[in-house]
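Engineer: So here's target30.txt, just compact mmCIF, N, CA and C atoms and all ligand atoms:
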# COMPACT_ATOMS: atom_id res chain seq x y z
N MET A 1026 -16.30 76.02 -91.48
CA MET A 1026 -16.19 74.72 -92.12
C MET A 1026 -16.15 74.91 -93.64
N SER A 1027 -15.23 74.24 -94.33
CA SER A 1027 -15.11 74.43 -95.78
C SER A 1027 -16.23 73.68 -96.49
N GLU A 1028 -16.44 74.06 -97.77
CA GLU A 1028 -17.48 73.42 -98.57
C GLU A 1028 -17.15 71.94 -98.80
N THR A 1029 -15.86 71.67 -99.03
CA THR A 1029 -15.43 70.30 -99.28
C THR A 1029 -15.77 69.42 -98.09
N TYR A 1030 -15.56 69.95 -96.89
CA TYR A 1030 -15.80 69.20 -95.67
C TYR A 1030 -17.25 68.75 -95.60
N THR A 1031 -18.17 69.65 -96.03
CA THR A 1031 -19.59 69.33 -95.92
C THR A 1031 -20.06 68.32 -96.96
N LEU A 1032 -19.22 68.00 -97.95
CA LEU A 1032 -19.58 66.98 -98.94
C LEU A 1032 -19.67 65.60 -98.29
N TYR A 1033 -19.01 65.43 -97.16
CA TYR A 1033 -18.90 64.12 -96.53
C TYR A 1033 -19.73 64.03 -95.27
N GLY A 1034 -20.31 62.83 -95.07
CA GLY A 1034 -21.09 62.58 -93.86
C GLY A 1034 -20.18 62.33 -92.67
N GLN A 1035 -20.82 62.21 -91.50
CA GLN A 1035 -20.06 62.02 -90.25
C GLN A 1035 -19.27 60.72 -90.24
N THR A 1036 -19.86 59.65 -90.80
CA THR A 1036 -19.17 58.35 -90.77
C THR A 1036 -17.92 58.38 -91.64
N VAL A 1037 -18.03 59.02 -92.80
CA VAL A 1037 -16.85 59.15 -93.68
C VAL A 1037 -15.75 59.91 -92.93
N MET A 1038 -16.14 61.02 -92.33
CA MET A 1038 -15.15 61.85 -91.62
C MET A 1038 -14.52 61.08 -90.46
N ASP A 1039 -15.35 60.29 -89.75
CA ASP A 1039 -14.84 59.51 -88.62
C ASP A 1039 -13.80 58.50 -89.10
N HIS A 1040 -14.11 57.78 -90.20
CA HIS A 1040 -13.17 56.76 -90.69
C HIS A 1040 -11.94 57.38 -91.35
N PHE A 1041 -12.08 58.64 -91.79
CA PHE A 1041 -10.92 59.34 -92.35
C PHE A 1041 -10.01 59.86 -91.22
N MET A 1042 -10.64 60.45 -90.21
CA MET A 1042 -9.86 61.02 -89.11
C MET A 1042 -9.32 59.96 -88.15
N ASN A 1043 -10.09 58.86 -87.99
CA ASN A 1043 -9.69 57.78 -87.08
C ASN A 1043 -9.75 56.44 -87.81
N PRO A 1044 -8.89 56.24 -88.80
CA PRO A 1044 -8.99 55.02 -89.59
C PRO A 1044 -8.75 53.76 -88.75
N ARG A 1045 -9.59 52.75 -89.01
CA ARG A 1045 -9.44 51.46 -88.32
C ARG A 1045 -8.56 50.55 -89.18
N ASN A 1046 -7.82 49.69 -88.51
CA ASN A 1046 -7.06 48.61 -89.19
C ASN A 1046 -5.98 49.12 -90.15
N MET A 1047 -5.35 50.23 -89.81
CA MET A 1047 -4.31 50.76 -90.67
C MET A 1047 -2.99 50.02 -90.43
N GLY A 1048 -2.28 49.72 -91.51
CA GLY A 1048 -0.96 49.10 -91.38
C GLY A 1048 -0.87 47.81 -92.17
N ASP A 1049 0.15 47.01 -91.82
CA ASP A 1049 0.41 45.75 -92.51
C ASP A 1049 0.16 44.59 -91.56
N LEU A 1050 -0.01 43.41 -92.13
CA LEU A 1050 -0.03 42.18 -91.33
C LEU A 1050 1.23 41.42 -91.73
N PRO A 1051 2.23 41.36 -90.87
CA PRO A 1051 3.49 40.73 -91.26
C PRO A 1051 3.32 39.28 -91.70
N ASP A 1052 2.35 38.58 -91.11
CA ASP A 1052 2.15 37.16 -91.48
C ASP A 1052 0.86 36.99 -92.29
N ALA A 1053 0.60 37.95 -93.18
CA ALA A 1053 -0.64 37.91 -93.97
C ALA A 1053 -0.72 36.66 -94.83
N ASP A 1054 -1.94 36.14 -95.00
CA ASP A 1054 -2.17 34.99 -95.88
C ASP A 1054 -2.47 35.45 -97.30
N GLY A 1055 -2.91 36.68 -97.45
CA GLY A 1055 -3.19 37.21 -98.77
C GLY A 1055 -2.99 38.72 -98.77
N VAL A 1056 -2.33 39.22 -99.82
CA VAL A 1056 -2.10 40.66 -99.93
C VAL A 1056 -2.49 41.11 -101.34
N GLY A 1057 -3.25 42.20 -101.39
CA GLY A 1057 -3.64 42.74 -102.70
C GLY A 1057 -3.34 44.22 -102.76
N GLU A 1058 -2.76 44.65 -103.87
CA GLU A 1058 -2.46 46.07 -104.05
C GLU A 1058 -2.98 46.50 -105.41
N VAL A 1059 -3.76 47.57 -105.42
CA VAL A 1059 -4.33 48.06 -106.68
C VAL A 1059 -4.17 49.58 -106.75
N GLY A 1060 -4.28 50.07 -107.97
CA GLY A 1060 -4.19 51.51 -108.18
C GLY A 1060 -5.38 51.99 -108.99
N ALA A 1061 -5.79 53.22 -108.77
CA ALA A 1061 -6.89 53.80 -109.53
C ALA A 1061 -6.33 54.57 -110.71
N ALA A 1062 -6.72 54.15 -111.92
CA ALA A 1062 -6.22 54.82 -113.13
C ALA A 1062 -6.65 56.28 -113.14
N ALA A 1063 -7.84 56.56 -112.60
CA ALA A 1063 -8.41 57.91 -112.66
C ALA A 1063 -7.57 58.93 -111.90
N CYS A 1064 -6.99 58.53 -110.76
CA CYS A 1064 -6.35 59.53 -109.89
C CYS A 1064 -4.95 59.14 -109.43
N GLY A 1065 -4.55 57.90 -109.67
CA GLY A 1065 -3.21 57.46 -109.27
C GLY A 1065 -3.10 57.03 -107.82
N ASP A 1066 -4.23 56.97 -107.10
CA ASP A 1066 -4.19 56.53 -105.71
C ASP A 1066 -3.91 55.02 -105.63
N ILE A 1067 -3.29 54.61 -104.53
CA ILE A 1067 -2.89 53.20 -104.37
C ILE A 1067 -3.43 52.66 -103.05
N MET A 1068 -3.97 51.45 -103.10
CA MET A 1068 -4.50 50.83 -101.88
C MET A 1068 -3.99 49.39 -101.76
N LYS A 1069 -3.59 49.06 -100.53
CA LYS A 1069 -3.10 47.70 -100.26
C LYS A 1069 -3.91 47.12 -99.11
N ILE A 1070 -4.41 45.92 -99.28
CA ILE A 1070 -5.15 45.24 -98.19
C ILE A 1070 -4.47 43.91 -97.91
N SER A 1071 -4.25 43.64 -96.63
CA SER A 1071 -3.65 42.38 -96.18
C SER A 1071 -4.66 41.62 -95.34
N LEU A 1072 -4.72 40.31 -95.55
CA LEU A 1072 -5.71 39.49 -94.83
C LEU A 1072 -5.06 38.34 -94.09
N LYS A 1073 -5.60 38.06 -92.93
CA LYS A 1073 -5.24 36.84 -92.20
C LYS A 1073 -6.47 35.94 -92.32
N ILE A 1074 -6.27 34.72 -92.79
CA ILE A 1074 -7.40 33.81 -93.02
C ILE A 1074 -7.14 32.49 -92.31
N GLN A 1075 -8.09 32.08 -91.48
CA GLN A 1075 -7.96 30.82 -90.76
C GLN A 1075 -9.24 30.02 -90.90
N ASP A 1076 -9.10 28.74 -91.24
CA ASP A 1076 -10.25 27.85 -91.41
C ASP A 1076 -11.31 28.47 -92.32
N GLY A 1077 -10.86 29.08 -93.41
CA GLY A 1077 -11.79 29.62 -94.40
C GLY A 1077 -12.44 30.93 -94.02
N LYS A 1078 -12.01 31.51 -92.89
CA LYS A 1078 -12.60 32.78 -92.44
C LYS A 1078 -11.55 33.87 -92.31
N ILE A 1079 -11.94 35.10 -92.64
CA ILE A 1079 -11.03 36.23 -92.48
C ILE A 1079 -11.01 36.62 -91.00
N THR A 1080 -9.86 36.45 -90.40
CA THR A 1080 -9.76 36.74 -88.97
C THR A 1080 -9.18 38.13 -88.70
N ASP A 1081 -8.45 38.67 -89.70
CA ASP A 1081 -7.90 40.01 -89.52
C ASP A 1081 -7.67 40.66 -90.88
N ALA A 1082 -7.74 41.97 -90.90
CA ALA A 1082 -7.54 42.72 -92.15
C ALA A 1082 -6.89 44.05 -91.82
N ARG A 1083 -5.95 44.45 -92.69
CA ARG A 1083 -5.27 45.75 -92.52
C ARG A 1083 -5.17 46.43 -93.89
N PHE A 1084 -4.99 47.74 -93.84
CA PHE A 1084 -4.84 48.44 -95.11
C PHE A 1084 -3.76 49.51 -95.02
N LYS A 1085 -3.23 49.82 -96.21
CA LYS A 1085 -2.34 50.98 -96.37
C LYS A 1085 -2.80 51.67 -97.62
N THR A 1086 -3.17 52.93 -97.50
CA THR A 1086 -3.71 53.65 -98.65
C THR A 1086 -2.96 54.95 -98.86
N PHE A 1087 -2.51 55.12 -100.10
CA PHE A 1087 -1.90 56.39 -100.50
C PHE A 1087 -2.95 57.05 -101.37
N GLY A 1088 -3.73 57.92 -100.77
CA GLY A 1088 -4.80 58.48 -101.57
C GLY A 1088 -5.65 59.48 -100.82
N CYS A 1089 -6.82 59.73 -101.37
CA CYS A 1089 -7.71 60.77 -100.85
C CYS A 1089 -8.43 60.31 -99.57
N GLY A 1090 -9.15 61.22 -98.96
CA GLY A 1090 -9.89 60.92 -97.72
C GLY A 1090 -10.93 59.85 -97.92
N SER A 1091 -11.62 59.86 -99.06
CA SER A 1091 -12.64 58.84 -99.33
C SER A 1091 -12.01 57.46 -99.48
N ALA A 1092 -10.82 57.42 -100.06
CA ALA A 1092 -10.13 56.14 -100.22
C ALA A 1092 -9.71 55.60 -98.86
N ILE A 1093 -9.25 56.48 -97.99
CA ILE A 1093 -8.85 56.07 -96.64
C ILE A 1093 -10.08 55.60 -95.85
N ALA A 1094 -11.16 56.36 -95.92
CA ALA A 1094 -12.39 55.97 -95.22
C ALA A 1094 -12.94 54.65 -95.79
N SER A 1095 -12.85 54.49 -97.12
CA SER A 1095 -13.35 53.26 -97.75
C SER A 1095 -12.52 52.06 -97.33
N SER A 1096 -11.20 52.21 -97.26
CA SER A 1096 -10.36 51.07 -96.84
C SER A 1096 -10.62 50.73 -95.40
N SER A 1097 -10.77 51.76 -94.57
CA SER A 1097 -11.04 51.54 -93.15
C SER A 1097 -12.36 50.77 -92.99
N MET A 1098 -13.41 51.22 -93.67
CA MET A 1098 -14.71 50.57 -93.54
C MET A 1098 -14.69 49.16 -94.11
N ALA A 1099 -14.03 48.98 -95.29
CA ALA A 1099 -13.99 47.66 -95.92
C ALA A 1099 -13.31 46.65 -95.00
N THR A 1100 -12.21 47.04 -94.36
CA THR A 1100 -11.51 46.11 -93.47
C THR A 1100 -12.35 45.78 -92.24
N GLU A 1101 -13.17 46.73 -91.80
CA GLU A 1101 -14.07 46.45 -90.68
C GLU A 1101 -15.16 45.46 -91.10
N LEU A 1102 -15.75 45.70 -92.28
CA LEU A 1102 -16.88 44.89 -92.74
C LEU A 1102 -16.48 43.46 -93.05
N ILE A 1103 -15.26 43.27 -93.49
CA ILE A 1103 -14.86 41.97 -94.03
C ILE A 1103 -14.43 40.97 -92.95
N LYS A 1104 -14.06 41.48 -91.79
CA LYS A 1104 -13.59 40.58 -90.73
C LYS A 1104 -14.72 39.64 -90.29
N GLY A 1105 -14.41 38.36 -90.19
CA GLY A 1105 -15.40 37.37 -89.75
C GLY A 1105 -16.12 36.71 -90.92
N ARG A 1106 -15.92 37.22 -92.13
CA ARG A 1106 -16.59 36.60 -93.29
C ARG A 1106 -15.78 35.42 -93.83
N THR A 1107 -16.50 34.50 -94.47
CA THR A 1107 -15.81 33.39 -95.12
C THR A 1107 -15.20 33.90 -96.42
N VAL A 1108 -14.29 33.12 -96.98
CA VAL A 1108 -13.66 33.50 -98.25
C VAL A 1108 -14.74 33.63 -99.33
N GLU A 1109 -15.69 32.69 -99.37
CA GLU A 1109 -16.77 32.74 -100.37
C GLU A 1109 -17.58 34.03 -100.22
N GLU A 1110 -17.93 34.35 -98.98
CA GLU A 1110 -18.71 35.59 -98.75
C GLU A 1110 -17.91 36.81 -99.19
N ALA A 1111 -16.63 36.80 -98.86
CA ALA A 1111 -15.78 37.95 -99.19
C ALA A 1111 -15.62 38.12 -100.70
N LEU A 1112 -15.64 37.01 -101.44
CA LEU A 1112 -15.51 37.10 -102.90
C LEU A 1112 -16.72 37.81 -103.52
N ASN A 1113 -17.82 37.84 -102.80
CA ASN A 1113 -19.02 38.54 -103.29
C ASN A 1113 -19.15 39.96 -102.72
N PHE A 1114 -18.12 40.39 -102.02
CA PHE A 1114 -18.15 41.73 -101.43
C PHE A 1114 -18.24 42.79 -102.53
N SER A 1115 -19.06 43.80 -102.27
CA SER A 1115 -19.20 44.85 -103.29
C SER A 1115 -18.93 46.22 -102.69
N ASN A 1116 -18.46 47.12 -103.52
CA ASN A 1116 -18.16 48.48 -103.06
C ASN A 1116 -19.42 49.17 -102.54
N GLN A 1117 -20.60 48.71 -103.00
CA GLN A 1117 -21.85 49.34 -102.56
C GLN A 1117 -22.03 49.19 -101.04
N GLU A 1118 -21.54 48.05 -100.51
CA GLU A 1118 -21.61 47.83 -99.06
C GLU A 1118 -20.82 48.90 -98.32
N VAL A 1119 -19.66 49.24 -98.88
CA VAL A 1119 -18.80 50.27 -98.27
C VAL A 1119 -19.52 51.62 -98.32
N VAL A 1120 -20.07 51.93 -99.50
CA VAL A 1120 -20.77 53.21 -99.68
C VAL A 1120 -21.93 53.30 -98.68
N ASP A 1121 -22.72 52.23 -98.60
CA ASP A 1121 -23.88 52.23 -97.68
C ASP A 1121 -23.43 52.40 -96.23
N ALA A 1122 -22.40 51.62 -95.84
CA ALA A 1122 -21.94 51.67 -94.45
C ALA A 1122 -21.36 53.04 -94.10
N LEU A 1123 -20.81 53.71 -95.11
CA LEU A 1123 -20.25 55.06 -94.86
C LEU A 1123 -21.35 56.13 -94.89
N GLY A 1124 -22.57 55.72 -95.22
CA GLY A 1124 -23.66 56.69 -95.30
C GLY A 1124 -23.64 57.48 -96.59
N GLY A 1125 -22.97 56.91 -97.62
CA GLY A 1125 -22.93 57.55 -98.93
C GLY A 1125 -21.61 58.24 -99.19
N LEU A 1126 -21.30 58.38 -100.49
CA LEU A 1126 -20.12 59.12 -100.94
C LEU A 1126 -20.56 60.00 -102.11
N PRO A 1127 -19.92 61.13 -102.31
CA PRO A 1127 -20.27 61.95 -103.49
C PRO A 1127 -20.01 61.13 -104.76
N PRO A 1128 -20.80 61.33 -105.82
CA PRO A 1128 -20.65 60.54 -107.05
C PRO A 1128 -19.21 60.50 -107.59
N VAL A 1129 -18.48 61.60 -107.50
CA VAL A 1129 -17.11 61.60 -108.03
C VAL A 1129 -16.14 60.80 -107.16
N LYS A 1130 -16.63 60.35 -105.99
CA LYS A 1130 -15.76 59.60 -105.08
C LYS A 1130 -16.15 58.12 -104.98
N ILE A 1131 -17.10 57.71 -105.79
CA ILE A 1131 -17.51 56.30 -105.75
C ILE A 1131 -16.34 55.39 -106.12
N HIS A 1132 -15.49 55.83 -107.06
CA HIS A 1132 -14.38 54.97 -107.47
C HIS A 1132 -13.42 54.67 -106.32
N CYS A 1133 -13.42 55.51 -105.28
CA CYS A 1133 -12.56 55.25 -104.12
C CYS A 1133 -13.03 53.98 -103.40
N SER A 1134 -14.36 53.77 -103.36
CA SER A 1134 -14.89 52.55 -102.73
C SER A 1134 -14.66 51.35 -103.63
N VAL A 1135 -14.66 51.57 -104.96
CA VAL A 1135 -14.37 50.48 -105.90
C VAL A 1135 -12.94 49.99 -105.68
N LEU A 1136 -12.06 50.92 -105.38
CA LEU A 1136 -10.66 50.57 -105.11
C LEU A 1136 -10.58 49.61 -103.92
N ALA A 1137 -11.40 49.83 -102.90
CA ALA A 1137 -11.40 48.96 -101.71
C ALA A 1137 -11.88 47.56 -102.10
N GLU A 1138 -12.92 47.48 -102.93
CA GLU A 1138 -13.41 46.16 -103.38
C GLU A 1138 -12.31 45.46 -104.18
N GLU A 1139 -11.65 46.19 -105.06
CA GLU A 1139 -10.62 45.59 -105.91
C GLU A 1139 -9.40 45.13 -105.09
N ALA A 1140 -9.02 45.92 -104.10
CA ALA A 1140 -7.87 45.55 -103.26
C ALA A 1140 -8.19 44.30 -102.45
N LEU A 1141 -9.43 44.24 -101.94
CA LEU A 1141 -9.86 43.07 -101.17
C LEU A 1141 -9.84 41.83 -102.07
N LYS A 1142 -10.39 41.96 -103.26
CA LYS A 1142 -10.46 40.80 -104.16
C LYS A 1142 -9.06 40.38 -104.62
N ALA A 1143 -8.17 41.33 -104.79
CA ALA A 1143 -6.78 41.01 -105.15
C ALA A 1143 -6.11 40.23 -104.00
N ALA A 1144 -6.41 40.61 -102.77
CA ALA A 1144 -5.85 39.91 -101.60
C ALA A 1144 -6.42 38.48 -101.53
N LEU A 1145 -7.71 38.33 -101.84
CA LEU A 1145 -8.32 36.99 -101.83
C LEU A 1145 -7.73 36.13 -102.95
N GLU A 1146 -7.52 36.73 -104.11
CA GLU A 1146 -6.91 35.99 -105.24
C GLU A 1146 -5.51 35.52 -104.86
N ASP A 1147 -4.77 36.39 -104.19
CA ASP A 1147 -3.41 36.04 -103.74
C ASP A 1147 -3.48 34.85 -102.78
N TYR A 1148 -4.44 34.89 -101.86
CA TYR A 1148 -4.63 33.77 -100.91
C TYR A 1148 -4.99 32.49 -101.66
N LEU A 1149 -5.94 32.58 -102.61
CA LEU A 1149 -6.40 31.39 -103.33
C LEU A 1149 -5.28 30.81 -104.21
N LYS A 1150 -4.41 31.67 -104.73
CA LYS A 1150 -3.27 31.20 -105.52
C LYS A 1150 -2.34 30.35 -104.66
N LYS A 1151 -2.20 30.77 -103.40
CA LYS A 1151 -1.31 30.05 -102.48
C LYS A 1151 -1.99 28.82 -101.88
N HIS A 1152 -3.32 28.74 -102.02
CA HIS A 1152 -4.07 27.62 -101.46
C HIS A 1152 -4.99 27.02 -102.52
N PRO A 1153 -4.40 26.29 -103.48
CA PRO A 1153 -5.20 25.74 -104.59
C PRO A 1153 -6.31 24.80 -104.11
N ASP A 1154 -6.10 24.14 -102.97
CA ASP A 1154 -7.14 23.24 -102.44
C ASP A 1154 -8.40 24.04 -102.08
N VAL A 1155 -8.22 25.19 -101.44
CA VAL A 1155 -9.37 26.05 -101.08
C VAL A 1155 -10.00 26.62 -102.36
N ALA A 1156 -9.13 27.02 -103.32
CA ALA A 1156 -9.63 27.58 -104.58
C ALA A 1156 -10.51 26.57 -105.30
N ALA A 1157 -10.10 25.29 -105.28
CA ALA A 1157 -10.88 24.24 -105.95
C ALA A 1157 -12.24 24.09 -105.28
N LYS A 1158 -12.25 24.12 -103.95
CA LYS A 1158 -13.52 23.99 -103.20
C LYS A 1158 -14.46 25.17 -103.51
N VAL A 1159 -13.89 26.37 -103.56
CA VAL A 1159 -14.69 27.57 -103.85
C VAL A 1159 -15.31 27.45 -105.23
N LYS A 1160 -14.50 26.99 -106.21
CA LYS A 1160 -15.00 26.83 -107.59
C LYS A 1160 -16.12 25.81 -107.63
N GLU A 1161 -15.93 24.69 -106.90
CA GLU A 1161 -16.96 23.64 -106.85
C GLU A 1161 -18.27 24.20 -106.31
N LYS A 1162 -18.18 24.95 -105.23
CA LYS A 1162 -19.39 25.52 -104.61
C LYS A 1162 -20.08 26.48 -105.57
N GLU A 1163 -19.27 27.31 -106.24
CA GLU A 1163 -19.84 28.28 -107.20
C GLU A 1163 -20.55 27.56 -108.34
N ALA A 1164 -19.92 26.48 -108.84
CA ALA A 1164 -20.51 25.72 -109.94
C ALA A 1164 -21.83 25.09 -109.50
N ALA A 1165 -21.85 24.53 -108.28
CA ALA A 1165 -23.07 23.90 -107.75
C ALA A 1165 -24.17 24.94 -107.60
N ARG A 1166 -23.77 26.15 -107.14
CA ARG A 1166 -24.75 27.21 -106.92
C ARG A 1166 -25.36 27.67 -108.25
N SER A 1167 -24.51 27.83 -109.27
CA SER A 1167 -25.05 28.32 -110.55
C SER A 1167 -25.82 27.23 -111.29
N ALA A 1168 -25.57 25.95 -110.94
CA ALA A 1168 -26.31 24.85 -111.59
C ALA A 1168 -27.65 24.60 -110.90
N ALA A 1169 -27.77 25.05 -109.64
CA ALA A 1169 -29.00 24.81 -108.88
C ALA A 1169 -30.17 25.59 -109.49
N PRO A 1170 -31.35 24.94 -109.60
CA PRO A 1170 -32.49 25.66 -110.15
C PRO A 1170 -32.93 26.80 -109.24
N GLU A 1171 -33.34 27.89 -109.83
CA GLU A 1171 -33.81 29.04 -109.04
C GLU A 1171 -35.14 28.70 -108.39
N THR A 1172 -35.31 29.11 -107.16
CA THR A 1172 -36.60 28.88 -106.49
C THR A 1172 -37.35 30.20 -106.43
N ALA A 1173 -38.58 30.11 -106.77
CA ALA A 1173 -39.41 31.32 -106.74
C ALA A 1173 -40.13 31.42 -105.41
N ASN A 1174 -40.21 32.63 -104.91
CA ASN A 1174 -40.97 32.84 -103.67
C ASN A 1174 -42.46 32.87 -103.99
N ALA A 1175 -43.19 32.02 -103.30
CA ALA A 1175 -44.63 31.96 -103.56
C ALA A 1175 -45.33 33.12 -102.89
S1 LIG A 1201 -9.88 60.27 -105.63
FE1 LIG A 1201 -9.12 58.40 -106.48
S2 LIG A 1201 -9.23 56.98 -104.83
FE2 LIG A 1201 -10.17 58.77 -104.09
So that I can check it, write out the structure of this file as structure tokens.
Structural biologist:
Amino acid sequence: MSETYTLYGQTVMDHFMNPRNMGDLPDADGVGEVGAAACGDIMKISLKIQDGKITDARFKTFGCGSAIASSSMATELIKGRTVEEALNFSNQEVVDALGGLPPVKIHCSVLAEEALKAALEDYLKKHPDVAAKVKEKEAARSAAPETANA
């Protein structure tokens, strides 16, 4: 086994060797494509959204093993979430679910967060009514007084 191979945990290797949700969604409601300035890798995420919930997600990644594993995991984690929940998605969730990534590969998980958010932005651009509702909810949330746990 090579040294590089041992840098990665079993979950990362599983999602790299057997990626979930690979491909395109021909009737996607939102598509986001981003590139990493650091390495030139490219990630595309497509979403199917119904009644405010992500019902399906696919990815296409031109990049390293961590980027492929991150896209695979991100598309798994995001299915079933509401648009509002997905807008708060963080790359840390991907890192945790993968059981960790080497420090130099953290940006691969950031790429997954950015591709997902770009796909959500694309969806919200096409659905200004939903975008307005999301903004309203965010404004109400930030205006609400913080409650302290006793
Ligand atoms: S090395 Fe750049 S996305 Fe993985």
Engineer: Would you please work out which residue, of A:Gly1090, A:Pro1127, A:Gly1077, A:Pro1051, is nearest to ligand LIG 1201 (chain A) when using only C-alpha atoms and all ligand atoms?
Structural biologist: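 The answer is A:Gly1090, which sits nearest to ligand LIG 1201 (chain A).
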Engineer: Rounded to one decimal, what separation in Å do you get between atom CA of Gly1088 of chain A and atom C of Ser1115 of chain A?
Structural biologist: 18.7 Å
Engineer: Would you list the residues that come within 7 Å of ligand LIG 1201 (chain A)? Count all atoms listed in the file and give the answer as a compact mmCIF listing (two decimals) with N, CA and C atoms, keeping the file's coordinate frame.
Structural biologist:
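Result file follows (pocket_20.txt):
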# COMPACT_ATOMS: atom_id res chain seq x y z
N ALA A 1061 -5.79 53.22 -108.77
CA ALA A 1061 -6.89 53.80 -109.53
C ALA A 1061 -6.33 54.57 -110.71
N ALA A 1063 -7.84 56.56 -112.60
CA ALA A 1063 -8.41 57.91 -112.66
C ALA A 1063 -7.57 58.93 -111.90
N CYS A 1064 -6.99 58.53 -110.76
CA CYS A 1064 -6.35 59.53 -109.89
C CYS A 1064 -4.95 59.14 -109.43
N GLY A 1065 -4.55 57.90 -109.67
CA GLY A 1065 -3.21 57.46 -109.27
C GLY A 1065 -3.10 57.03 -107.82
N ASP A 1066 -4.23 56.97 -107.10
CA ASP A 1066 -4.19 56.53 -105.71
C ASP A 1066 -3.91 55.02 -105.63
N ILE A 1067 -3.29 54.61 -104.53
CA ILE A 1067 -2.89 53.20 -104.37
C ILE A 1067 -3.43 52.66 -103.05
N GLY A 1088 -3.73 57.92 -100.77
CA GLY A 1088 -4.80 58.48 -101.57
C GLY A 1088 -5.65 59.48 -100.82
N CYS A 1089 -6.82 59.73 -101.37
CA CYS A 1089 -7.71 60.77 -100.85
C CYS A 1089 -8.43 60.31 -99.57
N GLY A 1090 -9.15 61.22 -98.96
CA GLY A 1090 -9.89 60.92 -97.72
C GLY A 1090 -10.93 59.85 -97.92
N SER A 1091 -11.62 59.86 -99.06
CA SER A 1091 -12.64 58.84 -99.33
C SER A 1091 -12.01 57.46 -99.48
N ALA A 1092 -10.82 57.42 -100.06
CA ALA A 1092 -10.13 56.14 -100.22
C ALA A 1092 -9.71 55.60 -98.86
N ILE A 1093 -9.25 56.48 -97.99
CA ILE A 1093 -8.85 56.07 -96.64
C ILE A 1093 -10.08 55.60 -95.85
N VAL A 1129 -18.48 61.60 -107.50
CA VAL A 1129 -17.11 61.60 -108.03
C VAL A 1129 -16.14 60.80 -107.16
N LYS A 1130 -16.63 60.35 -105.99
CA LYS A 1130 -15.76 59.60 -105.08
C LYS A 1130 -16.15 58.12 -104.98
N HIS A 1132 -15.49 55.83 -107.06
CA HIS A 1132 -14.38 54.97 -107.47
C HIS A 1132 -13.42 54.67 -106.32
N CYS A 1133 -13.42 55.51 -105.28
CA CYS A 1133 -12.56 55.25 -104.12
C CYS A 1133 -13.03 53.98 -103.40
N SER A 1134 -14.36 53.77 -103.36
CA SER A 1134 -14.89 52.55 -102.73
C SER A 1134 -14.66 51.35 -103.63
N LEU A 1136 -12.06 50.92 -105.38
CA LEU A 1136 -10.66 50.57 -105.11
C LEU A 1136 -10.58 49.61 -103.92
Engineer: If we count all atoms listed in the file, what is near Val1119 of chain A at a cut-off of 7 Å, once residues fewer than 5 positions away on the same chain are taken out, given as an MDAnalysis selection string?
Structural biologist: chainID A and resid 1095 1098:1099 1124:1125 1134
Engineer: Nearest to Ala1122 of chain A: which of A:Met1047, A:Met1038, A:Ala1164, A:Leu1102 is it, counting only C-alpha atoms?
Structural biologist: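 Looking at the shortest contact to Ala1122 of chain A, the residue is A:Leu1102.
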Engineer: Just checking: using only N, CA and C atoms, which residue out of A:Met1042, A:Ala1165, A:Leu1126, A:Ala1082 ends up closest to Ile1070 of chain A?
Structural biologist: A:Ala1082
Engineer: Got a sec: who's within 8 Å of Asp1052 of chain A, counting all atoms listed in the file, leaving out chain neighbours fewer than 6 positions off, as a list in words?
Structural biologist: Ser1071, Leu1072, Lys1073 and Ile1074 of chain A
Engineer: Just the helix (DSSP H, G or I) stuff from segment 1027-1174 of chain A, please, per backbone DSSP, written as a ChimeraX atom specification.
Structural biologist: /A:1028-1031,1035-1042,1090-1103,1108-1112,1116-1122,1128-1151,1153-1168
Engineer: Between atom C of Leu1141 of chain A and atom C of Asp1054 of chain A, what is the spacing in Å?
Structural biologist: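 Those two atoms sit 10.9 Å apart.
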Engineer: For atom CA of Val1037 of chain A and atom C of Ser1096 of chain A, quote the distance in Å rounded to one decimal.
Structural biologist: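 Here the two named atoms are 10.6 Å from each other.
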Engineer: Taking into account only C-alpha atoms, which residue in the set A:Asp1049, A:Asp1154, A:Asp1147, A:Glu1110 is nearest to Asp1081 of chain A?
Structural biologist: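 When distances to Asp1081 of chain A are compared using only C-alpha atoms, the smallest one comes from A:Asp1049.
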Engineer: Using only C-alpha atoms, can you tell me which of A:Val1135, A:Val1059, A:Val1108, A:Leu1050 comes closest to Lys1078 of chain A?
Structural biologist: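 Looking only at the distances to Lys1078 of chain A, the closest residue turns out to be A:Val1108.
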Engineer: For each of A:Gly1055, A:Leu1123, A:Glu1163, A:Tyr1148, take the minimum atom-to-atom distance to Thr1036 of chain A, counting all atoms listed in the file, then give the residue where this is smallest.
Structural biologist: A:Leu1123
Engineer: Which of segment 1058-1166 of chain A end up as strand (DSSP E or B) when DSSP is run on this backbone - answer as a ChimeraX atom specification?
Structural biologist: /A:1058-1060,1067-1075,1078-1087,1107
